[in-house]
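Text of the file start-v7.csv, holding CSV, C-alpha atoms:
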```
chain,number,residue,atom,x,y,z
D,1,MET,CA,0.0,0.0,0.0
D,2,LYS,CA,1.4,3.4,-1.0
D,3,VAL,CA,0.5,6.2,1.4
D,4,LEU,CA,1.1,9.9,0.9
D,5,PHE,CA,1.2,11.9,4.2
D,6,ILE,CA,1.1,15.7,3.7
D,7,GLY,CA,2.4,18.1,6.2
D,8,ASP,CA,0.5,21.0,7.8
D,9,ILE,CA,-1.5,22.8,5.1
D,10,VAL,CA,-1.1,26.6,5.8
D,11,GLY,CA,-3.8,29.0,4.5
D,12,ARG,CA,-4.9,29.7,1.0
D,13,LYS,CA,-1.4,29.3,-0.5
D,14,GLY,CA,-1.2,25.8,0.9
D,15,ARG,CA,-4.6,24.8,-0.6
D,16,ARG,CA,-3.5,26.2,-4.0
D,17,ILE,CA,-0.4,24.1,-3.9
D,18,LEU,CA,-2.4,21.0,-3.1
D,19,LYS,CA,-4.5,21.5,-6.2
D,20,GLU,CA,-1.3,21.7,-8.3
D,21,ILE,CA,0.8,18.9,-6.7
D,22,ILE,CA,-1.6,16.1,-5.7
D,23,PRO,CA,-2.7,15.1,-9.2
D,24,ARG,CA,0.9,15.0,-10.3
D,25,LEU,CA,2.1,12.9,-7.4
D,26,LYS,CA,-0.9,10.5,-7.7
D,27,GLY,CA,0.0,9.9,-11.4
D,28,GLU,CA,3.8,9.5,-10.7
D,29,ARG,CA,3.5,7.3,-7.6
D,30,HIS,CA,0.2,5.4,-7.9
D,31,ILE,CA,-0.8,6.5,-4.4
D,32,ASP,CA,-3.5,4.5,-2.6
D,33,LEU,CA,-4.2,6.7,0.4
D,34,ILE,CA,-3.7,10.4,1.1
D,35,ILE,CA,-3.6,11.9,4.6
D,36,ALA,CA,-3.0,15.5,5.3
D,37,ASN,CA,-2.8,17.7,8.4
D,38,GLY,CA,-5.3,20.5,8.0
D,39,GLU,CA,-5.5,22.3,11.3
D,40,ASN,CA,-4.0,25.5,9.8
D,41,ALA,CA,-5.8,25.3,6.4
D,42,ALA,CA,-8.3,28.1,7.0
D,43,GLY,CA,-6.5,31.4,7.2
D,44,GLY,CA,-3.6,29.8,9.1
D,45,PHE,CA,-5.7,28.7,12.2
D,46,GLY,CA,-8.4,26.0,12.2
D,47,ILE,CA,-10.5,24.6,9.4
D,48,THR,CA,-14.0,25.2,8.1
D,49,LYS,CA,-16.4,23.0,6.1
D,50,LYS,CA,-15.7,25.0,2.9
D,51,VAL,CA,-12.0,24.6,3.3
D,52,ALA,CA,-12.3,20.9,4.2
D,53,ASP,CA,-14.4,20.2,1.1
D,54,GLU,CA,-11.7,22.0,-1.0
D,55,ILE,CA,-9.0,19.7,0.5
D,56,PHE,CA,-11.0,16.6,0.0
D,57,ALA,CA,-11.7,17.6,-3.6
D,58,CYS,CA,-8.0,17.7,-4.2
D,59,GLY,CA,-7.9,13.9,-3.4
D,60,VAL,CA,-7.1,13.9,0.3
D,61,ASP,CA,-8.9,11.0,2.1
D,62,ILE,CA,-8.4,12.0,5.8
D,63,ILE,CA,-7.6,15.3,7.5
D,64,THR,CA,-5.7,15.1,10.8
D,65,GLY,CA,-5.8,17.9,13.4
D,66,GLY,CA,-3.7,19.4,16.2
D,67,ASN,CA,-3.8,22.2,18.8
D,68,HIS,CA,-5.6,24.6,16.4
D,69,ILE,CA,-8.2,22.2,15.2
D,70,PHE,CA,-11.0,24.0,17.1
D,71,ALA,CA,-10.0,27.5,16.2
D,72,LYS,CA,-13.1,27.9,13.9
D,73,LYS,CA,-16.3,27.4,15.8
D,74,GLU,CA,-18.2,25.6,13.0
D,75,ILE,CA,-15.8,22.7,13.2
D,76,TYR,CA,-17.9,21.4,16.2
D,77,GLU,CA,-20.8,20.8,13.8
D,78,ILE,CA,-19.0,18.9,11.1
D,79,MET,CA,-16.4,16.7,12.8
D,80,ASP,CA,-18.7,13.8,13.1
D,81,SER,CA,-19.8,13.9,9.5
D,82,LEU,CA,-16.5,14.3,7.7
D,83,PRO,CA,-13.2,12.4,8.0
D,84,ILE,CA,-11.5,15.1,10.1
D,85,LEU,CA,-9.7,14.1,13.3
D,86,ARG,CA,-9.0,15.9,16.5
D,87,ALA,CA,-6.4,14.5,18.8
D,88,LEU,CA,-7.2,11.2,20.5
D,89,ASN,CA,-5.9,12.5,23.8
D,90,TYR,CA,-8.4,15.3,24.2
D,91,PRO,CA,-10.8,14.5,27.1
D,92,PRO,CA,-13.6,12.0,26.1
D,93,SER,CA,-16.4,14.6,26.1
D,94,VAL,CA,-14.7,16.8,23.5
D,95,PRO,CA,-16.6,16.7,20.1
D,96,GLY,CA,-15.1,14.7,17.3
D,97,ARG,CA,-12.9,11.6,17.2
D,98,GLY,CA,-9.3,10.8,17.5
D,99,PHE,CA,-9.1,7.9,15.0
D,100,ILE,CA,-10.9,6.7,12.0
D,101,PHE,CA,-11.0,3.5,9.8
D,102,LYS,CA,-10.6,3.8,6.1
D,103,PRO,CA,-11.0,0.8,3.7
D,104,CYS,CA,-8.1,0.6,1.3
D,105,LYS,CA,-7.0,-2.2,-1.0
D,106,GLY,CA,-9.1,-4.7,0.8
D,107,GLU,CA,-7.6,-3.7,4.2
D,108,ASN,CA,-9.0,-1.6,7.1
D,109,VAL,CA,-6.5,1.3,7.7
D,110,CYS,CA,-6.7,3.1,11.0
D,111,VAL,CA,-5.5,6.7,11.1
D,112,VAL,CA,-4.9,8.3,14.5
D,113,SER,CA,-4.2,11.9,15.6
D,114,LEU,CA,-2.2,12.6,18.7
D,115,CYS,CA,-1.1,15.9,20.3
D,116,GLY,CA,2.0,16.2,22.4
D,117,ARG,CA,2.1,17.9,25.8
D,118,VAL,CA,5.6,19.4,26.0
D,119,PHE,CA,5.4,23.2,25.4
D,120,MET,CA,1.7,22.7,24.4
D,121,ASP,CA,-1.7,22.5,26.0
D,122,SER,CA,-2.0,20.0,28.9
D,123,LEU,CA,-4.1,17.3,27.2
D,124,ASP,CA,-4.3,13.7,28.4
D,125,CYS,CA,-1.1,11.6,28.1
D,126,PRO,CA,-0.6,10.7,24.4
D,127,PHE,CA,1.3,7.5,25.4
D,128,ARG,CA,-1.5,6.2,27.5
D,129,ALA,CA,-4.2,7.3,25.0
D,130,ILE,CA,-2.6,5.4,22.0
D,131,ASP,CA,-1.7,2.4,24.2
D,132,GLY,CA,-5.4,2.0,25.2
D,133,LEU,CA,-6.6,2.5,21.6
D,134,LEU,CA,-4.2,-0.2,20.2
D,135,GLU,CA,-5.6,-2.7,22.7
D,136,GLU,CA,-9.1,-1.8,21.5
D,137,ILE,CA,-8.5,-2.1,17.8
D,138,LYS,CA,-5.9,-4.9,17.6
D,139,GLU,CA,-8.4,-7.2,15.8
D,140,LYS,CA,-9.8,-4.5,13.5
D,141,ALA,CA,-6.8,-3.1,11.6
D,142,LYS,CA,-3.2,-4.2,10.9
D,143,ILE,CA,-2.3,-0.9,9.2
D,144,ILE,CA,-2.2,2.0,11.6
D,145,ILE,CA,-0.8,5.4,10.8
D,146,VAL,CA,-0.3,7.9,13.6
D,147,ASP,CA,0.1,11.7,13.2
D,148,VAL,CA,2.0,13.1,16.2
D,149,HIS,CA,1.3,16.8,16.4
D,150,ALA,CA,3.9,18.0,18.9
D,151,GLU,CA,6.5,20.8,19.6
D,152,ALA,CA,9.3,18.8,21.2
D,153,THR,CA,11.3,16.6,19.0
D,154,SER,CA,12.2,14.4,22.0
D,155,GLU,CA,8.5,13.7,22.7
D,156,LYS,CA,8.0,12.7,19.0
D,157,VAL,CA,11.1,10.5,19.0
D,158,ALA,CA,10.0,8.8,22.3
D,159,LEU,CA,6.5,8.1,20.8
D,160,GLY,CA,8.2,6.6,17.8
D,161,TRP,CA,10.1,4.1,19.9
D,162,PHE,CA,7.1,3.5,22.1
D,163,LEU,CA,5.1,2.5,19.0
D,164,ASP,CA,7.7,0.7,17.0
D,165,GLY,CA,6.3,-2.6,15.8
D,166,ARG,CA,2.9,-1.7,17.0
D,167,VAL,CA,1.8,0.7,14.2
D,168,SER,CA,2.8,1.1,10.6
D,169,ALA,CA,4.0,4.7,10.7
D,170,VAL,CA,4.6,7.6,13.2
D,171,ILE,CA,4.6,10.9,11.3
D,172,GLY,CA,5.4,14.1,13.1
D,173,THR,CA,3.7,17.4,12.3
D,174,HIS,CA,3.2,20.9,13.9
D,175,THR,CA,6.5,22.8,13.6
D,176,HIS,CA,6.2,23.3,9.9
D,177,ILE,CA,10.0,22.7,9.7
D,178,PRO,CA,11.0,19.4,8.1
D,179,THR,CA,13.5,17.1,9.8
D,180,ALA,CA,16.0,15.0,8.0
D,181,ASP,CA,15.4,11.7,9.8
D,182,PRO,CA,13.0,9.5,7.9
D,183,LYS,CA,13.7,5.8,8.8
D,184,ILE,CA,12.3,2.4,9.3
D,185,LEU,CA,12.6,1.6,13.0
D,186,PRO,CA,13.9,-1.9,13.9
D,187,LYS,CA,10.4,-3.5,14.3
D,188,GLY,CA,9.0,-2.2,11.1
D,189,THR,CA,7.5,1.2,11.9
D,190,ALA,CA,8.1,4.1,9.5
D,191,TYR,CA,9.1,7.3,11.3
D,192,ILE,CA,9.9,10.9,10.7
D,193,THR,CA,10.0,13.7,13.4
D,194,ASP,CA,8.4,16.3,11.2
D,195,VAL,CA,7.3,16.4,7.5
D,196,GLY,CA,7.1,20.2,7.3
D,197,MET,CA,4.3,22.1,5.7
D,198,VAL,CA,2.5,23.1,2.5
D,199,GLY,CA,2.4,26.9,2.1
D,200,ALA,CA,4.5,29.9,1.5
D,201,GLY,CA,8.2,29.0,1.7
D,202,ASN,CA,9.6,32.6,2.0
D,203,SER,CA,7.9,33.1,5.3
D,204,VAL,CA,8.1,32.3,9.0
D,205,ILE,CA,6.2,29.0,9.2
D,206,GLY,CA,3.7,30.3,6.6
D,207,ILE,CA,3.3,33.8,8.1
D,208,LYS,CA,4.5,37.0,6.5
D,209,LYS,CA,8.1,37.3,7.7
D,210,GLU,CA,8.0,41.1,8.3
D,211,LEU,CA,5.1,40.7,10.7
D,212,VAL,CA,6.9,38.0,12.7
D,213,LEU,CA,10.1,40.1,12.8
D,214,LYS,CA,8.1,43.0,14.1
D,215,ARG,CA,6.7,40.8,16.9
D,216,PHE,CA,10.2,39.6,17.9
D,217,LEU,CA,12.0,42.9,17.6
D,218,LEU,CA,9.3,45.2,19.3
D,219,LEU,CA,7.6,42.7,21.6
D,220,ILE,CA,4.2,44.2,20.8
D,221,PRO,CA,1.0,42.5,19.6
D,222,VAL,CA,1.0,42.0,15.9
D,223,ARG,CA,-1.9,40.6,13.8
D,224,PHE,CA,-0.4,37.8,11.7
D,225,GLU,CA,-1.3,37.4,8.0
D,226,MET,CA,-0.5,34.4,5.8
D,227,ALA,CA,2.3,34.8,3.3
D,228,GLU,CA,1.4,34.2,-0.4
D,229,ASP,CA,4.7,34.1,-2.2
D,230,GLU,CA,6.8,31.2,-3.4
D,231,GLY,CA,5.5,28.0,-2.1
D,232,ILE,CA,6.8,24.7,-0.6
D,233,PHE,CA,5.3,21.2,-0.4
D,234,GLY,CA,6.3,18.9,2.4
D,235,GLY,CA,5.3,15.3,3.1
D,236,ALA,CA,6.4,11.7,3.0
D,237,TYR,CA,5.7,8.6,1.0
D,238,ILE,CA,5.3,5.4,3.0
D,239,ASP,CA,5.1,1.9,1.5
D,240,ILE,CA,3.3,-0.6,3.8
D,241,ASP,CA,3.0,-4.4,3.5
D,242,GLU,CA,-0.8,-5.1,3.5
D,243,LYS,CA,-0.3,-8.5,5.0
D,244,THR,CA,1.9,-7.6,8.0
D,245,GLY,CA,1.1,-3.9,8.5
D,246,LYS,CA,4.8,-3.2,8.6
D,247,ALA,CA,6.4,-0.4,6.6
D,248,SER,CA,9.1,-1.3,4.0
D,249,SER,CA,10.2,2.3,3.1
D,250,ILE,CA,9.6,6.0,3.9
D,251,GLU,CA,10.7,8.8,1.5
D,252,GLN,CA,10.7,12.4,2.5
D,253,ILE,CA,9.2,14.9,0.0
D,254,GLN,CA,10.3,18.6,-0.3
D,255,ILE,CA,9.2,20.4,-3.4
D,256,GLN,CA,10.2,24.1,-3.5
D,257,GLY,CA,9.5,27.0,-5.8
D,258,LEU,CA,5.8,26.5,-6.2
```

Re-express the file's structure as structure tokens.
Amino acid sequence: MKVLFIGDIVGRKGRRILKEIIPRLKGERHIDLIIANGENAAGGFGITKKVADEIFACGVDIITGGNHIFAKKEIYEIMDSLPILRALNYPPSVPGRGFIFKPCKGENVCVVSLCGRVFMDSLDCPFRAIDGLLEEIKEKAKIIIVDVHAEATSEKVALGWFLDGRVSAVIGTHTHIPTADPKILPKGTAYITDVGMVGAGNSVIGIKKELVLKRFLLLIPVRFEMAEDEGIFGGAYIDIDEKTGKASSIEQIQIQGL
């Protein structure tokens, strides 16, 4: 099974890049399943139904979330009707779901969204949350793909080792900065600490650089706006054995100048 995991989609520029790149990659790589992090897709913070529909129309099958997933209020009304995930380790009464099953090539694929806790909101423990879920779904899916939306690289790496051999892939998101460590862990789990973003490359994580510089230099409140100049596409290809659920390869993608 060939999976394309797309990093954080940032604003209108990121959505435009999706429309351009996904058809090309599907044709070149014969992709079976596309997952994308969409928590910054609407104006850089949150997601709306209109934006989600636009992303799905590009060919994305499942949208994962993160700490900004609830930034737009209308998300509460659509999370149960669309394949959009919030983090599994939110408290149980929070709207939405932290995992979803998707049939693909005759197999049941489970996609999970987790949020880290280091330098982020104090959610429930991601280690315990995924541990409990794996026990619950062990007879329902062999192929399990986990988006770890976290700030600290150490927390992501630790979750990778914690889940090695128990899931097919652990893919890091959130920082918008790609890391150079894609690998297959010893027990067959594909891992990368962060796949980067889809949005304006000449920016500060998708935001107009002059606004961010003003914030850092003057230490005064600044209204952030999404950059719209030269773009970048970040993600990863993962090849997964349908019979075992183990990954055979992971390849980082960075396309610039879009």

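Across D:Cys125, D:Ala71, D:Ile192, D:Leu213, the tightest approach to Gly235 (chain D) is made by D:Ile192 when counting all atoms listed in the file.
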
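Take CA of Pro95 (chain D) and CA of Val112 (chain D): the distance between them is 15.5 Å.
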
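The space separating CA of Gly98 (chain D) from CA of Leu85 (chain D) comes to 5.4 Å.
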
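Of the listed residues D:Ile253, D:Leu258, D:Ile31, D:Leu18, the one whose atoms come nearest to Gly231 (chain D) is D:Leu258, with distances taken using all atoms listed in the file.
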
Worksheet item: Within 7 Å of Phe45 (chain D), counting only C-alpha atoms, which residues qualify if same-chain residues fewer than 3 places away don't, as a list in words?
Response: Glu39, Asn40, Ala41, Ala42, His68 and Ala71 of chain D

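Of the listed residues (D:Arg29, D:Val3, D:Val94, D:Gly116), D:Val3 comes nearest to Ile62 (chain D); the distances count only C-alpha atoms.
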
Item to complete: Do a neighbour search on Thr244 (chain D) at 10 Å with all atoms listed in the file, toss out local chain neighbours closer than 5 positions, and write the hits as a PyMOL selection string.
Response: chain D and resi 142-143+168+188

Worksheet entry | Arg15 (chain D) environment, 8 Å, all atoms listed in the file, sequence neighbours closer than 4 positions dropped, as an NGL selection string | :D and (9-11 or 19 or 41 or 54-55 or 198-199)

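Going from CA of Gly14 (chain D) over to CA of Ile232 (chain D), you cover 8.2 Å.
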
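Considering the residues D:Lys246, D:Asp239, D:Asn89, D:Ile63 and counting all atoms listed in the file, Leu163 (chain D) has its shortest atom-to-atom contact with D:Lys246.
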
Give the centre and edge lengths of an axis-aligned box, in Å to one decimal, that holds all listed atoms of region 97-104 of chain D with 8 Å on each side, as AutoDock Vina command-line options.
```
--center_x -10.5 --center_y 6.1 --center_z 9.4 --size_x 20.8 --size_y 27.0 --size_z 32.2
```

Fill in: Distance criterion (all atoms listed in the file): nearest to Asp8 (chain D) out of D:Ala150, D:Leu134, D:Met197, D:Met226
D:Met197

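Neighbouring residues of Asp229 (chain D) at 7 Å or closer, counting only C-alpha atoms and skipping chain neighbours under 2 positions away, are Ala200, Asn202, Ala227 and Gly231 of chain D.
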
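Residue neighbourhood of Ala169 (chain D), excluding near-sequence residues (fewer than 5 positions): D:Ile143, D:Ile144, D:Ile145, D:Val146, D:Asp147, D:Gly160, D:Leu163, D:Asp164, D:Ile184, D:Gly188, D:Thr189, D:Ala190, D:Tyr191, D:Ile192, D:Ile238, D:Ile240, D:Lys246, D:Ala247, D:Ile250, at 9 Å, using only C-alpha atoms.
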
What would region 122-146 of chain D look like with N, CA and C atoms restored, written as a PDB file, keeping the file's coordinate frame?
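After the write, result.pdb holds the following:
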```pdb
ATOM      1  N   SER D 122      -2.084  21.220  28.002  1.00  0.00           N
ATOM      2  CA  SER D 122      -2.000  20.000  28.900  1.00  0.00           C
ATOM      3  C   SER D 122      -3.182  19.093  28.576  1.00  0.00           C
ATOM      4  N   LEU D 123      -3.053  18.306  27.548  1.00  0.00           N
ATOM      5  CA  LEU D 123      -4.100  17.300  27.200  1.00  0.00           C
ATOM      6  C   LEU D 123      -3.734  16.018  28.017  1.00  0.00           C
ATOM      7  N   ASP D 124      -4.561  14.995  27.806  1.00  0.00           N
ATOM      8  CA  ASP D 124      -4.300  13.700  28.400  1.00  0.00           C
ATOM      9  C   ASP D 124      -2.983  13.138  27.852  1.00  0.00           C
ATOM     10  N   CYS D 125      -2.422  12.154  28.514  1.00  0.00           N
ATOM     11  CA  CYS D 125      -1.100  11.600  28.100  1.00  0.00           C
ATOM     12  C   CYS D 125      -1.262  10.896  26.740  1.00  0.00           C
ATOM     13  N   PRO D 126      -0.487  11.319  25.725  1.00  0.00           N
ATOM     14  CA  PRO D 126      -0.600  10.700  24.400  1.00  0.00           C
ATOM     15  C   PRO D 126      -0.123   9.219  24.430  1.00  0.00           C
ATOM     16  N   PHE D 127       0.827   8.898  25.295  1.00  0.00           N
ATOM     17  CA  PHE D 127       1.300   7.500  25.400  1.00  0.00           C
ATOM     18  C   PHE D 127       0.220   6.590  25.888  1.00  0.00           C
ATOM     19  N   ARG D 128      -0.453   7.008  26.948  1.00  0.00           N
ATOM     20  CA  ARG D 128      -1.500   6.200  27.500  1.00  0.00           C
ATOM     21  C   ARG D 128      -2.714   6.112  26.538  1.00  0.00           C
ATOM     22  N   ALA D 129      -3.006   7.237  25.884  1.00  0.00           N
ATOM     23  CA  ALA D 129      -4.200   7.300  25.000  1.00  0.00           C
ATOM     24  C   ALA D 129      -3.965   6.286  23.818  1.00  0.00           C
ATOM     25  N   ILE D 130      -2.809   6.301  23.175  1.00  0.00           N
ATOM     26  CA  ILE D 130      -2.600   5.400  22.000  1.00  0.00           C
ATOM     27  C   ILE D 130      -2.438   3.968  22.512  1.00  0.00           C
ATOM     28  N   ASP D 131      -1.878   3.776  23.689  1.00  0.00           N
ATOM     29  CA  ASP D 131      -1.700   2.400  24.200  1.00  0.00           C
ATOM     30  C   ASP D 131      -3.111   1.776  24.417  1.00  0.00           C
ATOM     31  N   GLY D 132      -4.066   2.537  24.965  1.00  0.00           N
ATOM     32  CA  GLY D 132      -5.400   2.000  25.200  1.00  0.00           C
ATOM     33  C   GLY D 132      -6.116   1.752  23.837  1.00  0.00           C
ATOM     34  N   LEU D 133      -5.914   2.636  22.860  1.00  0.00           N
ATOM     35  CA  LEU D 133      -6.600   2.500  21.600  1.00  0.00           C
ATOM     36  C   LEU D 133      -6.041   1.210  20.859  1.00  0.00           C
ATOM     37  N   LEU D 134      -4.749   0.979  20.904  1.00  0.00           N
ATOM     38  CA  LEU D 134      -4.200  -0.200  20.200  1.00  0.00           C
ATOM     39  C   LEU D 134      -4.739  -1.487  20.772  1.00  0.00           C
ATOM     40  N   GLU D 135      -4.982  -1.522  22.058  1.00  0.00           N
ATOM     41  CA  GLU D 135      -5.600  -2.700  22.700  1.00  0.00           C
ATOM     42  C   GLU D 135      -7.018  -2.881  22.155  1.00  0.00           C
ATOM     43  N   GLU D 136      -7.707  -1.760  21.975  1.00  0.00           N
ATOM     44  CA  GLU D 136      -9.100  -1.800  21.500  1.00  0.00           C
ATOM     45  C   GLU D 136      -9.260  -2.228  20.082  1.00  0.00           C
ATOM     46  N   ILE D 137      -8.320  -1.839  19.225  1.00  0.00           N
ATOM     47  CA  ILE D 137      -8.500  -2.100  17.800  1.00  0.00           C
ATOM     48  C   ILE D 137      -7.600  -3.171  17.219  1.00  0.00           C
ATOM     49  N   LYS D 138      -6.936  -3.917  18.086  1.00  0.00           N
ATOM     50  CA  LYS D 138      -5.900  -4.900  17.600  1.00  0.00           C
ATOM     51  C   LYS D 138      -6.477  -5.918  16.656  1.00  0.00           C
ATOM     52  N   GLU D 139      -7.769  -6.220  16.723  1.00  0.00           N
ATOM     53  CA  GLU D 139      -8.400  -7.200  15.800  1.00  0.00           C
ATOM     54  C   GLU D 139      -9.049  -6.514  14.612  1.00  0.00           C
ATOM     55  N   LYS D 140      -9.019  -5.190  14.563  1.00  0.00           N
ATOM     56  CA  LYS D 140      -9.800  -4.500  13.500  1.00  0.00           C
ATOM     57  C   LYS D 140      -8.907  -3.897  12.420  1.00  0.00           C
ATOM     58  N   ALA D 141      -7.614  -3.696  12.671  1.00  0.00           N
ATOM     59  CA  ALA D 141      -6.800  -3.100  11.600  1.00  0.00           C
ATOM     60  C   ALA D 141      -5.307  -3.492  11.877  1.00  0.00           C
ATOM     61  N   LYS D 142      -4.641  -3.919  10.805  1.00  0.00           N
ATOM     62  CA  LYS D 142      -3.200  -4.200  10.900  1.00  0.00           C
ATOM     63  C   LYS D 142      -2.388  -2.962  10.473  1.00  0.00           C
ATOM     64  N   ILE D 143      -2.978  -2.129   9.626  1.00  0.00           N
ATOM     65  CA  ILE D 143      -2.300  -0.900   9.200  1.00  0.00           C
ATOM     66  C   ILE D 143      -2.761   0.264   9.981  1.00  0.00           C
ATOM     67  N   ILE D 144      -1.841   0.850  10.735  1.00  0.00           N
ATOM     68  CA  ILE D 144      -2.200   2.000  11.600  1.00  0.00           C
ATOM     69  C   ILE D 144      -1.164   3.085  11.382  1.00  0.00           C
ATOM     70  N   ILE D 145      -1.675   4.271  11.082  1.00  0.00           N
ATOM     71  CA  ILE D 145      -0.800   5.400  10.800  1.00  0.00           C
ATOM     72  C   ILE D 145      -1.134   6.516  11.812  1.00  0.00           C
ATOM     73  N   VAL D 146      -0.101   7.004  12.494  1.00  0.00           N
ATOM     74  CA  VAL D 146      -0.300   7.900  13.600  1.00  0.00           C
ATOM     75  C   VAL D 146       0.369   9.286  13.253  1.00  0.00           C
TER      76      VAL D 146
END
```
